[in-house]
Amino acid sequence: MSRASLDKDPHEVAAMFDAVAHRYDRTNDVISLGQDRQWRKATLAALDAQAGETVLDLAAGTGTSAEPLADKGVHVLPCDLSEGMLGVGKRRRPDLPFVAGDALRLPFADESFDAVTMSFGLRNVPDVPAALAELLRVTKPGGRLVVCEFSRPTFKPFRAIYTGYLMRALPPVARAVSKEPDAYVYLAESIREWPDQRELGLLIKRSGWAHVAFRNLSGGIVALHRGTKPA
């Protein structure tokens, strides 16, 4: 199976990412025109994890977002639903403690982490409020949440161009660089159906997070949301 439906069944999502794991990072770099590197840097800056802190990197994929944290002395735990993605990451960075886990049933004790982060994965879970509540559960009081996710461009003329790229240009580009282009059709559809910045901020707040704020990256193509667990 190479494509999940918008019902986002966890088994379908995991199978889809298993199928694209080997070329996932390179394909993302091409499709995003290299902007994914800047998005990762912005996420790390917002997380502001310090050496010695314990951080959960959920939807970690192959570990590209966890690597710089580990390299600066953060105790980072990369977790993902796709064992294929984790396998690729483990071969590249055997020192990282990759763990398979479902965002709706995290295999961690309450109040385990100083900070939690999730990049481009919240959109793929079938119950977003439940996933946000799970992240809250495993975070220590006063701990931090950072979510990096696709969003809605703020400039209306650009929004129309961007939507056209997603639905018309992205699949042909994916076919040129990936053996599983159907997965990127799902990507385009899931982005189009995803809530905008303010809606996601409200979902995060309603899930129990405090001091919720967001900022746009790349004109709103991506939004970076932050929150804090009440002490």
# chains A, B, ... in the order shown; residues from 1 in each chain; ligands from 1

$ select_by_dssp --residues "segment 8-82 of chain A" --states "strand (DSSP E)" --output "PyMOL selection string"
chain A and resi 54-58+75-80

$ closest_atom_pairs --of "segment 62-156 of chain A" --to "segment 12-34 of chain A" --cutoff "10 Å" --atoms "only C-alpha atoms" --output "Markdown table"
| residue | atom | partner | partner_atom | distance |
| --- | --- | --- | --- | --- |
| A:Thr62 | CA | A:Ala21 | CA | 7.7 |
| A:Gly63 | CA | A:Asp25 | CA | 10.0 |
| A:Thr64 | CA | A:Asp25 | CA | 8.2 |
| A:Asp80 | CA | A:Ala14 | CA | 8.9 |
| A:Leu81 | CA | A:Ala14 | CA | 5.8 |
| A:Ser82 | CA | A:Ala14 | CA | 4.6 |
| A:Glu83 | CA | A:Asp18 | CA | 6.7 |
| A:Gly84 | CA | A:Asp18 | CA | 4.3 |
| A:Met85 | CA | A:Ala21 | CA | 4.9 |
| A:Leu86 | CA | A:Ala21 | CA | 8.5 |
| A:Gly87 | CA | A:Ala21 | CA | 8.6 |
| A:Val88 | CA | A:His22 | CA | 6.6 |
| A:Gly89 | CA | A:Ala21 | CA | 9.2 |
| A:Asp102 | CA | A:Ala14 | CA | 9.8 |
| A:Asn124 | CA | A:Val13 | CA | 7.2 |
| A:Val125 | CA | A:Val13 | CA | 8.5 |
| A:Pro126 | CA | A:Val13 | CA | 10.0 |

$ select_by_dssp --residues "segment 88-157 of chain A" --states "alpha helix (DSSP H)" --output "count of residues only"
18

$ residues_around --residues "segment 131-140 of chain A" --least-positions-apart "3" --cutoff "7 Å" --atoms "only C-alpha atoms" --output "list in words"
Ala103, Leu104, Leu106, Phe108, Ala109, Asp110, Glu111, Ser112, Phe113, Asp114, Ala115, Val116, Asp127, Val128, Gly143, Ile204, Ser207 and Lys229 of chain A

$ write_last_selection --atoms "all heavy atoms" --output "short mmCIF file (atom, residue, chain, number, x, y, z; two decimals), in the first residue's frame"
data_model
loop_
_atom_site.label_atom_id
_atom_site.label_comp_id
_atom_site.auth_asym_id
_atom_site.auth_seq_id
_atom_site.Cartn_x
_atom_site.Cartn_y
_atom_site.Cartn_z
N ALA A 103 0.86 8.20 18.13
CA ALA A 103 0.60 9.48 18.79
C ALA A 103 -0.61 9.45 19.70
O ALA A 103 -0.72 10.25 20.64
CB ALA A 103 0.42 10.58 17.74
N LEU A 104 -1.54 8.52 19.45
CA LEU A 104 -2.75 8.44 20.27
C LEU A 104 -2.56 7.56 21.50
O LEU A 104 -3.40 7.59 22.42
CB LEU A 104 -3.92 7.90 19.43
CG LEU A 104 -4.28 8.75 18.21
CD1 LEU A 104 -5.46 8.14 17.47
CD2 LEU A 104 -4.59 10.18 18.60
N LEU A 106 0.88 6.96 23.36
CA LEU A 106 2.33 7.06 23.49
C LEU A 106 2.85 6.10 24.56
O LEU A 106 2.27 6.02 25.65
CB LEU A 106 2.73 8.49 23.84
CG LEU A 106 2.49 9.53 22.74
CD1 LEU A 106 2.75 10.93 23.26
CD2 LEU A 106 3.38 9.23 21.53
N PHE A 108 4.97 6.09 26.88
CA PHE A 108 5.80 6.78 27.86
C PHE A 108 4.96 7.14 29.08
O PHE A 108 3.75 7.35 28.98
CB PHE A 108 6.40 8.06 27.26
CG PHE A 108 7.06 7.86 25.93
CD1 PHE A 108 6.53 8.45 24.78
CD2 PHE A 108 8.19 7.06 25.82
CE1 PHE A 108 7.12 8.25 23.54
CE2 PHE A 108 8.78 6.86 24.58
CZ PHE A 108 8.25 7.45 23.45
N ALA A 109 5.64 7.23 30.22
CA ALA A 109 4.96 7.56 31.47
C ALA A 109 4.56 9.03 31.49
O ALA A 109 5.09 9.86 30.73
CB ALA A 109 5.89 7.25 32.64
N ASP A 110 3.64 9.36 32.38
CA ASP A 110 3.25 10.76 32.58
C ASP A 110 4.46 11.61 32.94
O ASP A 110 5.37 11.15 33.66
CB ASP A 110 2.22 10.87 33.71
CG ASP A 110 0.90 10.19 33.40
OD1 ASP A 110 0.74 9.69 32.27
OD2 ASP A 110 0.04 10.15 34.29
N GLU A 111 4.48 12.84 32.45
CA GLU A 111 5.48 13.84 32.84
C GLU A 111 6.92 13.33 32.65
O GLU A 111 7.77 13.47 33.51
CB GLU A 111 5.24 14.28 34.28
CG GLU A 111 3.84 14.85 34.49
CD GLU A 111 3.56 15.31 35.91
OE1 GLU A 111 4.47 15.21 36.78
OE2 GLU A 111 2.43 15.76 36.18
N SER A 112 7.18 12.77 31.47
CA SER A 112 8.50 12.21 31.17
C SER A 112 9.45 13.20 30.50
O SER A 112 10.67 13.01 30.57
CB SER A 112 8.35 10.99 30.24
OG SER A 112 7.67 9.94 30.86
N PHE A 113 8.92 14.26 29.85
CA PHE A 113 9.76 15.08 28.98
C PHE A 113 9.72 16.56 29.36
O PHE A 113 8.68 17.10 29.74
CB PHE A 113 9.30 14.92 27.52
CG PHE A 113 9.40 13.51 27.02
CD1 PHE A 113 8.28 12.68 27.02
CD2 PHE A 113 10.61 13.00 26.57
CE1 PHE A 113 8.37 11.38 26.56
CE2 PHE A 113 10.70 11.68 26.12
CZ PHE A 113 9.58 10.87 26.11
N ASP A 114 10.87 17.19 29.20
CA ASP A 114 10.95 18.64 29.41
C ASP A 114 10.30 19.39 28.25
O ASP A 114 9.81 20.52 28.43
CB ASP A 114 12.42 19.08 29.52
CG ASP A 114 13.11 18.47 30.72
OD1 ASP A 114 12.72 18.81 31.85
OD2 ASP A 114 14.04 17.66 30.53
N ALA A 115 10.32 18.80 27.08
CA ALA A 115 9.72 19.42 25.89
C ALA A 115 9.32 18.33 24.92
O ALA A 115 9.91 17.24 24.89
CB ALA A 115 10.70 20.39 25.24
N VAL A 116 8.30 18.64 24.12
CA VAL A 116 7.84 17.72 23.08
C VAL A 116 7.71 18.50 21.78
O VAL A 116 7.33 19.68 21.79
CB VAL A 116 6.50 17.04 23.45
CG1 VAL A 116 6.68 16.12 24.65
CG2 VAL A 116 5.41 18.07 23.73
N ASP A 127 -7.13 11.68 15.18
CA ASP A 127 -7.78 12.43 16.26
C ASP A 127 -6.78 13.44 16.81
O ASP A 127 -5.99 13.12 17.71
CB ASP A 127 -8.24 11.45 17.35
CG ASP A 127 -9.13 12.12 18.39
OD1 ASP A 127 -9.05 13.35 18.56
OD2 ASP A 127 -9.89 11.39 19.07
N VAL A 128 -6.79 14.64 16.26
CA VAL A 128 -5.79 15.66 16.63
C VAL A 128 -5.90 16.06 18.10
O VAL A 128 -4.88 16.11 18.80
CB VAL A 128 -5.90 16.87 15.70
CG1 VAL A 128 -5.00 18.01 16.17
CG2 VAL A 128 -5.51 16.47 14.27
N GLY A 143 6.60 22.38 30.97
CA GLY A 143 7.31 21.95 29.76
C GLY A 143 6.72 22.56 28.50
O GLY A 143 5.64 23.14 28.51
N ILE A 204 -5.04 23.50 20.00
CA ILE A 204 -3.97 23.29 20.97
C ILE A 204 -4.38 23.83 22.34
O ILE A 204 -4.20 23.18 23.37
CB ILE A 204 -2.66 23.95 20.48
CG1 ILE A 204 -2.16 23.22 19.22
CG2 ILE A 204 -1.59 23.93 21.57
CD1 ILE A 204 -0.99 23.92 18.54
N SER A 207 -6.90 21.74 24.12
CA SER A 207 -6.35 20.47 24.60
C SER A 207 -5.63 20.61 25.93
O SER A 207 -5.12 19.62 26.46
CB SER A 207 -5.39 19.89 23.54
OG SER A 207 -6.08 19.64 22.34
N LYS A 229 2.87 23.61 29.12
CA LYS A 229 1.99 22.86 30.02
C LYS A 229 1.87 23.63 31.33
O LYS A 229 2.88 24.00 31.92
CB LYS A 229 2.55 21.46 30.29
CG LYS A 229 1.65 20.63 31.21
CD LYS A 229 2.10 19.19 31.28
CE LYS A 229 1.21 18.37 32.19
NZ LYS A 229 1.53 16.94 32.17
#

$ closest_residue --among "A:Glu189, A:Asp36, A:Asp7, A:Glu149" --to "Gly164 of chain A" --atoms "only C-alpha atoms"
A:Glu189

$ residues_around --residues "Val212 of chain A" --least-positions-apart "2" --cutoff "10 Å" --atoms "only C-alpha atoms" --output "PDB file with all heavy atoms, in the first residue's frame"
ATOM      1  N   LEU A 145       5.799  22.739  24.216  1.00  0.00           N
ATOM      2  CA  LEU A 145       5.331  22.082  22.995  1.00  0.00           C
ATOM      3  C   LEU A 145       5.698  22.957  21.801  1.00  0.00           C
ATOM      4  O   LEU A 145       5.494  24.172  21.831  1.00  0.00           O
ATOM      5  CB  LEU A 145       3.806  21.913  23.026  1.00  0.00           C
ATOM      6  CG  LEU A 145       3.125  21.553  21.693  1.00  0.00           C
ATOM      7  CD1 LEU A 145       3.361  20.088  21.348  1.00  0.00           C
ATOM      8  CD2 LEU A 145       1.623  21.857  21.749  1.00  0.00           C
ATOM      9  N   VAL A 146       6.236  22.333  20.749  1.00  0.00           N
ATOM     10  CA  VAL A 146       6.447  23.025  19.484  1.00  0.00           C
ATOM     11  C   VAL A 146       5.927  22.122  18.372  1.00  0.00           C
ATOM     12  O   VAL A 146       6.358  20.972  18.249  1.00  0.00           O
ATOM     13  CB  VAL A 146       7.936  23.363  19.240  1.00  0.00           C
ATOM     14  CG1 VAL A 146       8.116  23.970  17.849  1.00  0.00           C
ATOM     15  CG2 VAL A 146       8.449  24.333  20.292  1.00  0.00           C
ATOM     16  N   GLY A 201      -4.272  26.720  16.470  1.00  0.00           N
ATOM     17  CA  GLY A 201      -3.965  27.330  17.763  1.00  0.00           C
ATOM     18  C   GLY A 201      -5.081  27.112  18.769  1.00  0.00           C
ATOM     19  O   GLY A 201      -4.825  26.806  19.949  1.00  0.00           O
ATOM     20  N   LEU A 202      -6.337  27.240  18.332  1.00  0.00           N
ATOM     21  CA  LEU A 202      -7.471  27.002  19.220  1.00  0.00           C
ATOM     22  C   LEU A 202      -7.548  25.545  19.654  1.00  0.00           C
ATOM     23  O   LEU A 202      -7.860  25.248  20.821  1.00  0.00           O
ATOM     24  CB  LEU A 202      -8.768  27.419  18.518  1.00  0.00           C
ATOM     25  CG  LEU A 202      -8.992  28.924  18.356  1.00  0.00           C
ATOM     26  CD1 LEU A 202     -10.211  29.189  17.478  1.00  0.00           C
ATOM     27  CD2 LEU A 202      -9.159  29.597  19.718  1.00  0.00           C
ATOM     28  N   LEU A 203      -7.265  24.618  18.728  1.00  0.00           N
ATOM     29  CA  LEU A 203      -7.258  23.196  19.084  1.00  0.00           C
ATOM     30  C   LEU A 203      -6.210  22.905  20.155  1.00  0.00           C
ATOM     31  O   LEU A 203      -6.466  22.151  21.100  1.00  0.00           O
ATOM     32  CB  LEU A 203      -6.970  22.344  17.845  1.00  0.00           C
ATOM     33  CG  LEU A 203      -8.119  22.070  16.884  1.00  0.00           C
ATOM     34  CD1 LEU A 203      -7.605  21.340  15.644  1.00  0.00           C
ATOM     35  CD2 LEU A 203      -9.214  21.251  17.561  1.00  0.00           C
ATOM     36  N   ILE A 204      -5.039  23.498  19.999  1.00  0.00           N
ATOM     37  CA  ILE A 204      -3.967  23.293  20.972  1.00  0.00           C
ATOM     38  C   ILE A 204      -4.381  23.831  22.339  1.00  0.00           C
ATOM     39  O   ILE A 204      -4.203  23.176  23.374  1.00  0.00           O
ATOM     40  CB  ILE A 204      -2.663  23.947  20.478  1.00  0.00           C
ATOM     41  CG1 ILE A 204      -2.156  23.225  19.224  1.00  0.00           C
ATOM     42  CG2 ILE A 204      -1.594  23.931  21.565  1.00  0.00           C
ATOM     43  CD1 ILE A 204      -0.994  23.916  18.536  1.00  0.00           C
ATOM     44  N   LYS A 205      -4.963  25.023  22.344  1.00  0.00           N
ATOM     45  CA  LYS A 205      -5.400  25.638  23.604  1.00  0.00           C
ATOM     46  C   LYS A 205      -6.490  24.813  24.275  1.00  0.00           C
ATOM     47  O   LYS A 205      -6.464  24.585  25.494  1.00  0.00           O
ATOM     48  CB  LYS A 205      -5.900  27.055  23.326  1.00  0.00           C
ATOM     49  CG  LYS A 205      -6.194  27.864  24.580  1.00  0.00           C
ATOM     50  CD  LYS A 205      -6.538  29.308  24.221  1.00  0.00           C
ATOM     51  CE  LYS A 205      -6.800  30.122  25.481  1.00  0.00           C
ATOM     52  NZ  LYS A 205      -7.105  31.550  25.153  1.00  0.00           N
ATOM     53  N   GLY A 208      -5.568  21.843  26.464  1.00  0.00           N
ATOM     54  CA  GLY A 208      -4.997  22.047  27.789  1.00  0.00           C
ATOM     55  C   GLY A 208      -3.684  22.801  27.822  1.00  0.00           C
ATOM     56  O   GLY A 208      -3.161  23.078  28.911  1.00  0.00           O
ATOM     57  N   TRP A 209      -3.136  23.133  26.657  1.00  0.00           N
ATOM     58  CA  TRP A 209      -1.877  23.874  26.612  1.00  0.00           C
ATOM     59  C   TRP A 209      -2.133  25.357  26.869  1.00  0.00           C
ATOM     60  O   TRP A 209      -3.155  25.906  26.457  1.00  0.00           O
ATOM     61  CB  TRP A 209      -1.195  23.685  25.262  1.00  0.00           C
ATOM     62  CG  TRP A 209      -0.740  22.280  25.017  1.00  0.00           C
ATOM     63  CD1 TRP A 209      -1.429  21.291  24.387  1.00  0.00           C
ATOM     64  CD2 TRP A 209       0.505  21.712  25.415  1.00  0.00           C
ATOM     65  NE1 TRP A 209      -0.700  20.133  24.366  1.00  0.00           N
ATOM     66  CE2 TRP A 209       0.501  20.357  24.990  1.00  0.00           C
ATOM     67  CE3 TRP A 209       1.627  22.206  26.076  1.00  0.00           C
ATOM     68  CZ2 TRP A 209       1.573  19.499  25.213  1.00  0.00           C
ATOM     69  CZ3 TRP A 209       2.708  21.361  26.308  1.00  0.00           C
ATOM     70  CH2 TRP A 209       2.668  20.019  25.876  1.00  0.00           C
ATOM     71  N   ALA A 210      -1.175  25.996  27.539  1.00  0.00           N
ATOM     72  CA  ALA A 210      -1.282  27.418  27.855  1.00  0.00           C
ATOM     73  C   ALA A 210      -0.269  28.219  27.033  1.00  0.00           C
ATOM     74  O   ALA A 210       0.647  27.648  26.431  1.00  0.00           O
ATOM     75  CB  ALA A 210      -1.033  27.648  29.342  1.00  0.00           C
ATOM     76  N   PHE A 214       1.592  31.345  17.642  1.00  0.00           N
ATOM     77  CA  PHE A 214       2.157  30.794  16.413  1.00  0.00           C
ATOM     78  C   PHE A 214       2.826  31.901  15.618  1.00  0.00           C
ATOM     79  O   PHE A 214       2.564  33.084  15.816  1.00  0.00           O
ATOM     80  CB  PHE A 214       1.083  30.105  15.560  1.00  0.00           C
ATOM     81  CG  PHE A 214       0.115  31.040  14.875  1.00  0.00           C
ATOM     82  CD1 PHE A 214       0.427  31.608  13.632  1.00  0.00           C
ATOM     83  CD2 PHE A 214      -1.098  31.371  15.464  1.00  0.00           C
ATOM     84  CE1 PHE A 214      -0.457  32.470  13.003  1.00  0.00           C
ATOM     85  CE2 PHE A 214      -1.988  32.232  14.837  1.00  0.00           C
ATOM     86  CZ  PHE A 214      -1.662  32.779  13.607  1.00  0.00           C
ATOM     87  N   HIS A 225       3.702  26.478  15.851  1.00  0.00           N
ATOM     88  CA  HIS A 225       2.897  26.706  17.042  1.00  0.00           C
ATOM     89  C   HIS A 225       3.660  26.321  18.302  1.00  0.00           C
ATOM     90  O   HIS A 225       4.378  25.311  18.308  1.00  0.00           O
ATOM     91  CB  HIS A 225       1.601  25.888  16.980  1.00  0.00           C
ATOM     92  CG  HIS A 225       0.578  26.443  16.039  1.00  0.00           C
ATOM     93  ND1 HIS A 225       0.681  26.310  14.670  1.00  0.00           N
ATOM     94  CD2 HIS A 225      -0.579  27.128  16.257  1.00  0.00           C
ATOM     95  CE1 HIS A 225      -0.361  26.896  14.089  1.00  0.00           C
ATOM     96  NE2 HIS A 225      -1.142  27.389  15.030  1.00  0.00           N
ATOM     97  N   ARG A 226       3.475  27.117  19.351  1.00  0.00           N
ATOM     98  CA  ARG A 226       4.138  26.856  20.630  1.00  0.00           C
ATOM     99  C   ARG A 226       3.111  26.863  21.759  1.00  0.00           C
ATOM    100  O   ARG A 226       2.095  27.555  21.663  1.00  0.00           O
ATOM    101  CB  ARG A 226       5.212  27.923  20.917  1.00  0.00           C
ATOM    102  CG  ARG A 226       6.263  28.025  19.844  1.00  0.00           C
ATOM    103  CD  ARG A 226       7.303  29.107  20.157  1.00  0.00           C
ATOM    104  NE  ARG A 226       6.713  30.419  20.359  1.00  0.00           N
ATOM    105  CZ  ARG A 226       6.292  31.207  19.381  1.00  0.00           C
ATOM    106  NH1 ARG A 226       6.357  30.794  18.120  1.00  0.00           N
ATOM    107  NH2 ARG A 226       5.781  32.410  19.655  1.00  0.00           N
ATOM    108  N   GLY A 227       3.408  26.110  22.796  1.00  0.00           N
ATOM    109  CA  GLY A 227       2.556  26.102  23.974  1.00  0.00           C
ATOM    110  C   GLY A 227       3.353  25.649  25.172  1.00  0.00           C
ATOM    111  O   GLY A 227       4.463  25.140  25.047  1.00  0.00           O
ATOM    112  N   THR A 228       2.763  25.832  26.364  1.00  0.00           N
ATOM    113  CA  THR A 228       3.413  25.440  27.605  1.00  0.00           C
ATOM    114  C   THR A 228       2.404  24.652  28.456  1.00  0.00           C
ATOM    115  O   THR A 228       1.219  25.012  28.516  1.00  0.00           O
ATOM    116  CB  THR A 228       3.870  26.679  28.402  1.00  0.00           C
ATOM    117  OG1 THR A 228       4.725  27.466  27.579  1.00  0.00           O
ATOM    118  CG2 THR A 228       4.621  26.280  29.676  1.00  0.00           C
ATOM    119  N   LYS A 229       2.872  23.608  29.115  1.00  0.00           N
ATOM    120  CA  LYS A 229       1.993  22.860  30.022  1.00  0.00           C
ATOM    121  C   LYS A 229       1.874  23.631  31.327  1.00  0.00           C
ATOM    122  O   LYS A 229       2.879  24.001  31.922  1.00  0.00           O
ATOM    123  CB  LYS A 229       2.553  21.460  30.295  1.00  0.00           C
ATOM    124  CG  LYS A 229       1.652  20.630  31.211  1.00  0.00           C
ATOM    125  CD  LYS A 229       2.105  19.185  31.280  1.00  0.00           C
ATOM    126  CE  LYS A 229       1.207  18.370  32.187  1.00  0.00           C
ATOM    127  NZ  LYS A 229       1.529  16.937  32.171  1.00  0.00           N
TER     128      LYS A 229
END

$ atom_distance --atom1 "atom CA of Glu67 of chain A" --atom2 "atom CA of Lys41 of chain A"
11.8 Å

$ closest_residue --among "A:Met118, A:Ile221, A:Ala183, A:Leu47" --to "Phe155 of chain A" --atoms "only C-alpha atoms"
A:Ile221

$ atom_distance --atom1 "atom CA of Pro157 of chain A" --atom2 "atom CA of Ser190 of chain A"
21.0 Å

$ atom_distance --atom1 "atom CA of Leu96 of chain A" --atom2 "atom CA of Leu69 of chain A"
10.5 Å

$ closest_residue --among "A:Val222, A:Ala160, A:Val185, A:Leu200" --to "Ser5 of chain A" --atoms "only C-alpha atoms"
A:Val185

$ residues_around --residues "segment 217-219 of chain A" --least-positions-apart "4" --cutoff "8 Å" --atoms "only C-alpha atoms" --output "list in words"
Trp39, Pro153, Thr154, Phe155, Ala223 and Leu224 of chain A

$ write_last_selection --atoms "N, CA, C and O atoms" --output "compact mmCIF listing (two decimals), in the first residue's frame"
# COMPACT_ATOMS: atom_id res chain seq x y z
N TRP A 39 12.83 25.33 7.82
CA TRP A 39 11.75 25.03 8.75
C TRP A 39 12.26 24.23 9.94
O TRP A 39 11.84 24.47 11.08
N PRO A 153 -1.21 29.89 3.43
CA PRO A 153 -0.55 31.15 3.09
C PRO A 153 -1.45 32.35 3.37
O PRO A 153 -2.66 32.31 3.12
N THR A 154 -0.85 33.41 3.91
CA THR A 154 -1.64 34.56 4.35
C THR A 154 -1.96 35.54 3.23
O THR A 154 -2.93 36.28 3.32
N PHE A 155 -1.15 35.57 2.18
CA PHE A 155 -1.36 36.49 1.06
C PHE A 155 -2.26 35.80 0.04
O PHE A 155 -1.89 34.78 -0.55
N ALA A 223 3.34 26.83 9.55
CA ALA A 223 3.18 27.61 10.78
C ALA A 223 3.82 26.86 11.94
O ALA A 223 3.78 25.63 12.01
N LEU A 224 4.44 27.64 12.82
CA LEU A 224 5.13 27.10 13.98
C LEU A 224 4.31 27.47 15.21
O LEU A 224 4.20 28.66 15.55

$ decode --residues "segment 159-167 of chain A" --atoms "all heavy atoms" --output "PDB file, in the first residue's frame"
ATOM      1  N   ARG A 159      -1.792  32.395  -2.101  1.00  0.00           N
ATOM      2  CA  ARG A 159      -2.508  31.195  -1.646  1.00  0.00           C
ATOM      3  C   ARG A 159      -3.077  30.425  -2.836  1.00  0.00           C
ATOM      4  O   ARG A 159      -3.021  29.189  -2.879  1.00  0.00           O
ATOM      5  CB  ARG A 159      -3.627  31.581  -0.690  1.00  0.00           C
ATOM      6  CG  ARG A 159      -4.303  30.402   0.012  1.00  0.00           C
ATOM      7  CD  ARG A 159      -5.503  30.883   0.811  1.00  0.00           C
ATOM      8  NE  ARG A 159      -5.150  31.976   1.694  1.00  0.00           N
ATOM      9  CZ  ARG A 159      -6.019  32.848   2.183  1.00  0.00           C
ATOM     10  NH1 ARG A 159      -7.290  32.776   1.851  1.00  0.00           N
ATOM     11  NH2 ARG A 159      -5.619  33.809   2.985  1.00  0.00           N
ATOM     12  N   ALA A 160      -3.622  31.149  -3.805  1.00  0.00           N
ATOM     13  CA  ALA A 160      -4.194  30.496  -4.990  1.00  0.00           C
ATOM     14  C   ALA A 160      -3.109  29.800  -5.797  1.00  0.00           C
ATOM     15  O   ALA A 160      -3.299  28.675  -6.280  1.00  0.00           O
ATOM     16  CB  ALA A 160      -4.914  31.532  -5.845  1.00  0.00           C
ATOM     17  N   ILE A 161      -1.951  30.460  -5.939  1.00  0.00           N
ATOM     18  CA  ILE A 161      -0.834  29.853  -6.675  1.00  0.00           C
ATOM     19  C   ILE A 161      -0.345  28.603  -5.946  1.00  0.00           C
ATOM     20  O   ILE A 161      -0.092  27.560  -6.564  1.00  0.00           O
ATOM     21  CB  ILE A 161       0.319  30.867  -6.826  1.00  0.00           C
ATOM     22  CG1 ILE A 161      -0.126  32.031  -7.717  1.00  0.00           C
ATOM     23  CG2 ILE A 161       1.570  30.197  -7.388  1.00  0.00           C
ATOM     24  CD1 ILE A 161       0.830  33.199  -7.720  1.00  0.00           C
ATOM     25  N   TYR A 162      -0.229  28.696  -4.633  1.00  0.00           N
ATOM     26  CA  TYR A 162       0.259  27.584  -3.818  1.00  0.00           C
ATOM     27  C   TYR A 162      -0.689  26.386  -3.901  1.00  0.00           C
ATOM     28  O   TYR A 162      -0.257  25.238  -4.063  1.00  0.00           O
ATOM     29  CB  TYR A 162       0.411  28.046  -2.376  1.00  0.00           C
ATOM     30  CG  TYR A 162       0.749  26.957  -1.388  1.00  0.00           C
ATOM     31  CD1 TYR A 162       1.968  26.295  -1.436  1.00  0.00           C
ATOM     32  CD2 TYR A 162      -0.154  26.600  -0.392  1.00  0.00           C
ATOM     33  CE1 TYR A 162       2.286  25.297  -0.514  1.00  0.00           C
ATOM     34  CE2 TYR A 162       0.150  25.614   0.533  1.00  0.00           C
ATOM     35  CZ  TYR A 162       1.366  24.963   0.463  1.00  0.00           C
ATOM     36  OH  TYR A 162       1.668  23.986   1.373  1.00  0.00           O
ATOM     37  N   THR A 163      -1.994  26.648  -3.810  1.00  0.00           N
ATOM     38  CA  THR A 163      -2.973  25.558  -3.904  1.00  0.00           C
ATOM     39  C   THR A 163      -2.888  24.882  -5.267  1.00  0.00           C
ATOM     40  O   THR A 163      -2.966  23.651  -5.381  1.00  0.00           O
ATOM     41  CB  THR A 163      -4.390  26.096  -3.659  1.00  0.00           C
ATOM     42  OG1 THR A 163      -4.447  26.729  -2.375  1.00  0.00           O
ATOM     43  CG2 THR A 163      -5.415  24.965  -3.711  1.00  0.00           C
ATOM     44  N   GLY A 164      -2.688  25.677  -6.311  1.00  0.00           N
ATOM     45  CA  GLY A 164      -2.522  25.105  -7.644  1.00  0.00           C
ATOM     46  C   GLY A 164      -1.284  24.240  -7.742  1.00  0.00           C
ATOM     47  O   GLY A 164      -1.302  23.161  -8.370  1.00  0.00           O
ATOM     48  N   TYR A 165      -0.196  24.666  -7.097  1.00  0.00           N
ATOM     49  CA  TYR A 165       1.035  23.866  -7.090  1.00  0.00           C
ATOM     50  C   TYR A 165       0.793  22.538  -6.386  1.00  0.00           C
ATOM     51  O   TYR A 165       1.192  21.475  -6.877  1.00  0.00           O
ATOM     52  CB  TYR A 165       2.157  24.634  -6.393  1.00  0.00           C
ATOM     53  CG  TYR A 165       3.370  23.777  -6.093  1.00  0.00           C
ATOM     54  CD1 TYR A 165       4.234  23.381  -7.114  1.00  0.00           C
ATOM     55  CD2 TYR A 165       3.629  23.336  -4.797  1.00  0.00           C
ATOM     56  CE1 TYR A 165       5.334  22.585  -6.848  1.00  0.00           C
ATOM     57  CE2 TYR A 165       4.739  22.541  -4.525  1.00  0.00           C
ATOM     58  CZ  TYR A 165       5.582  22.169  -5.554  1.00  0.00           C
ATOM     59  OH  TYR A 165       6.668  21.366  -5.277  1.00  0.00           O
ATOM     60  N   LEU A 166       0.124  22.594  -5.250  1.00  0.00           N
ATOM     61  CA  LEU A 166      -0.121  21.372  -4.486  1.00  0.00           C
ATOM     62  C   LEU A 166      -0.879  20.337  -5.309  1.00  0.00           C
ATOM     63  O   LEU A 166      -0.494  19.170  -5.368  1.00  0.00           O
ATOM     64  CB  LEU A 166      -0.923  21.687  -3.220  1.00  0.00           C
ATOM     65  CG  LEU A 166      -0.176  22.216  -2.004  1.00  0.00           C
ATOM     66  CD1 LEU A 166      -1.169  22.501  -0.892  1.00  0.00           C
ATOM     67  CD2 LEU A 166       0.884  21.235  -1.534  1.00  0.00           C
ATOM     68  N   MET A 167      -1.955  20.768  -5.930  1.00  0.00           N
ATOM     69  CA  MET A 167      -2.860  19.814  -6.558  1.00  0.00           C
ATOM     70  C   MET A 167      -2.478  19.457  -7.995  1.00  0.00           C
ATOM     71  O   MET A 167      -2.840  18.411  -8.491  1.00  0.00           O
ATOM     72  CB  MET A 167      -4.302  20.352  -6.525  1.00  0.00           C
ATOM     73  CG  MET A 167      -4.815  20.637  -5.113  1.00  0.00           C
ATOM     74  SD  MET A 167      -4.479  19.312  -3.910  1.00  0.00           S
ATOM     75  CE  MET A 167      -5.388  17.957  -4.616  1.00  0.00           C
TER      76      MET A 167
END
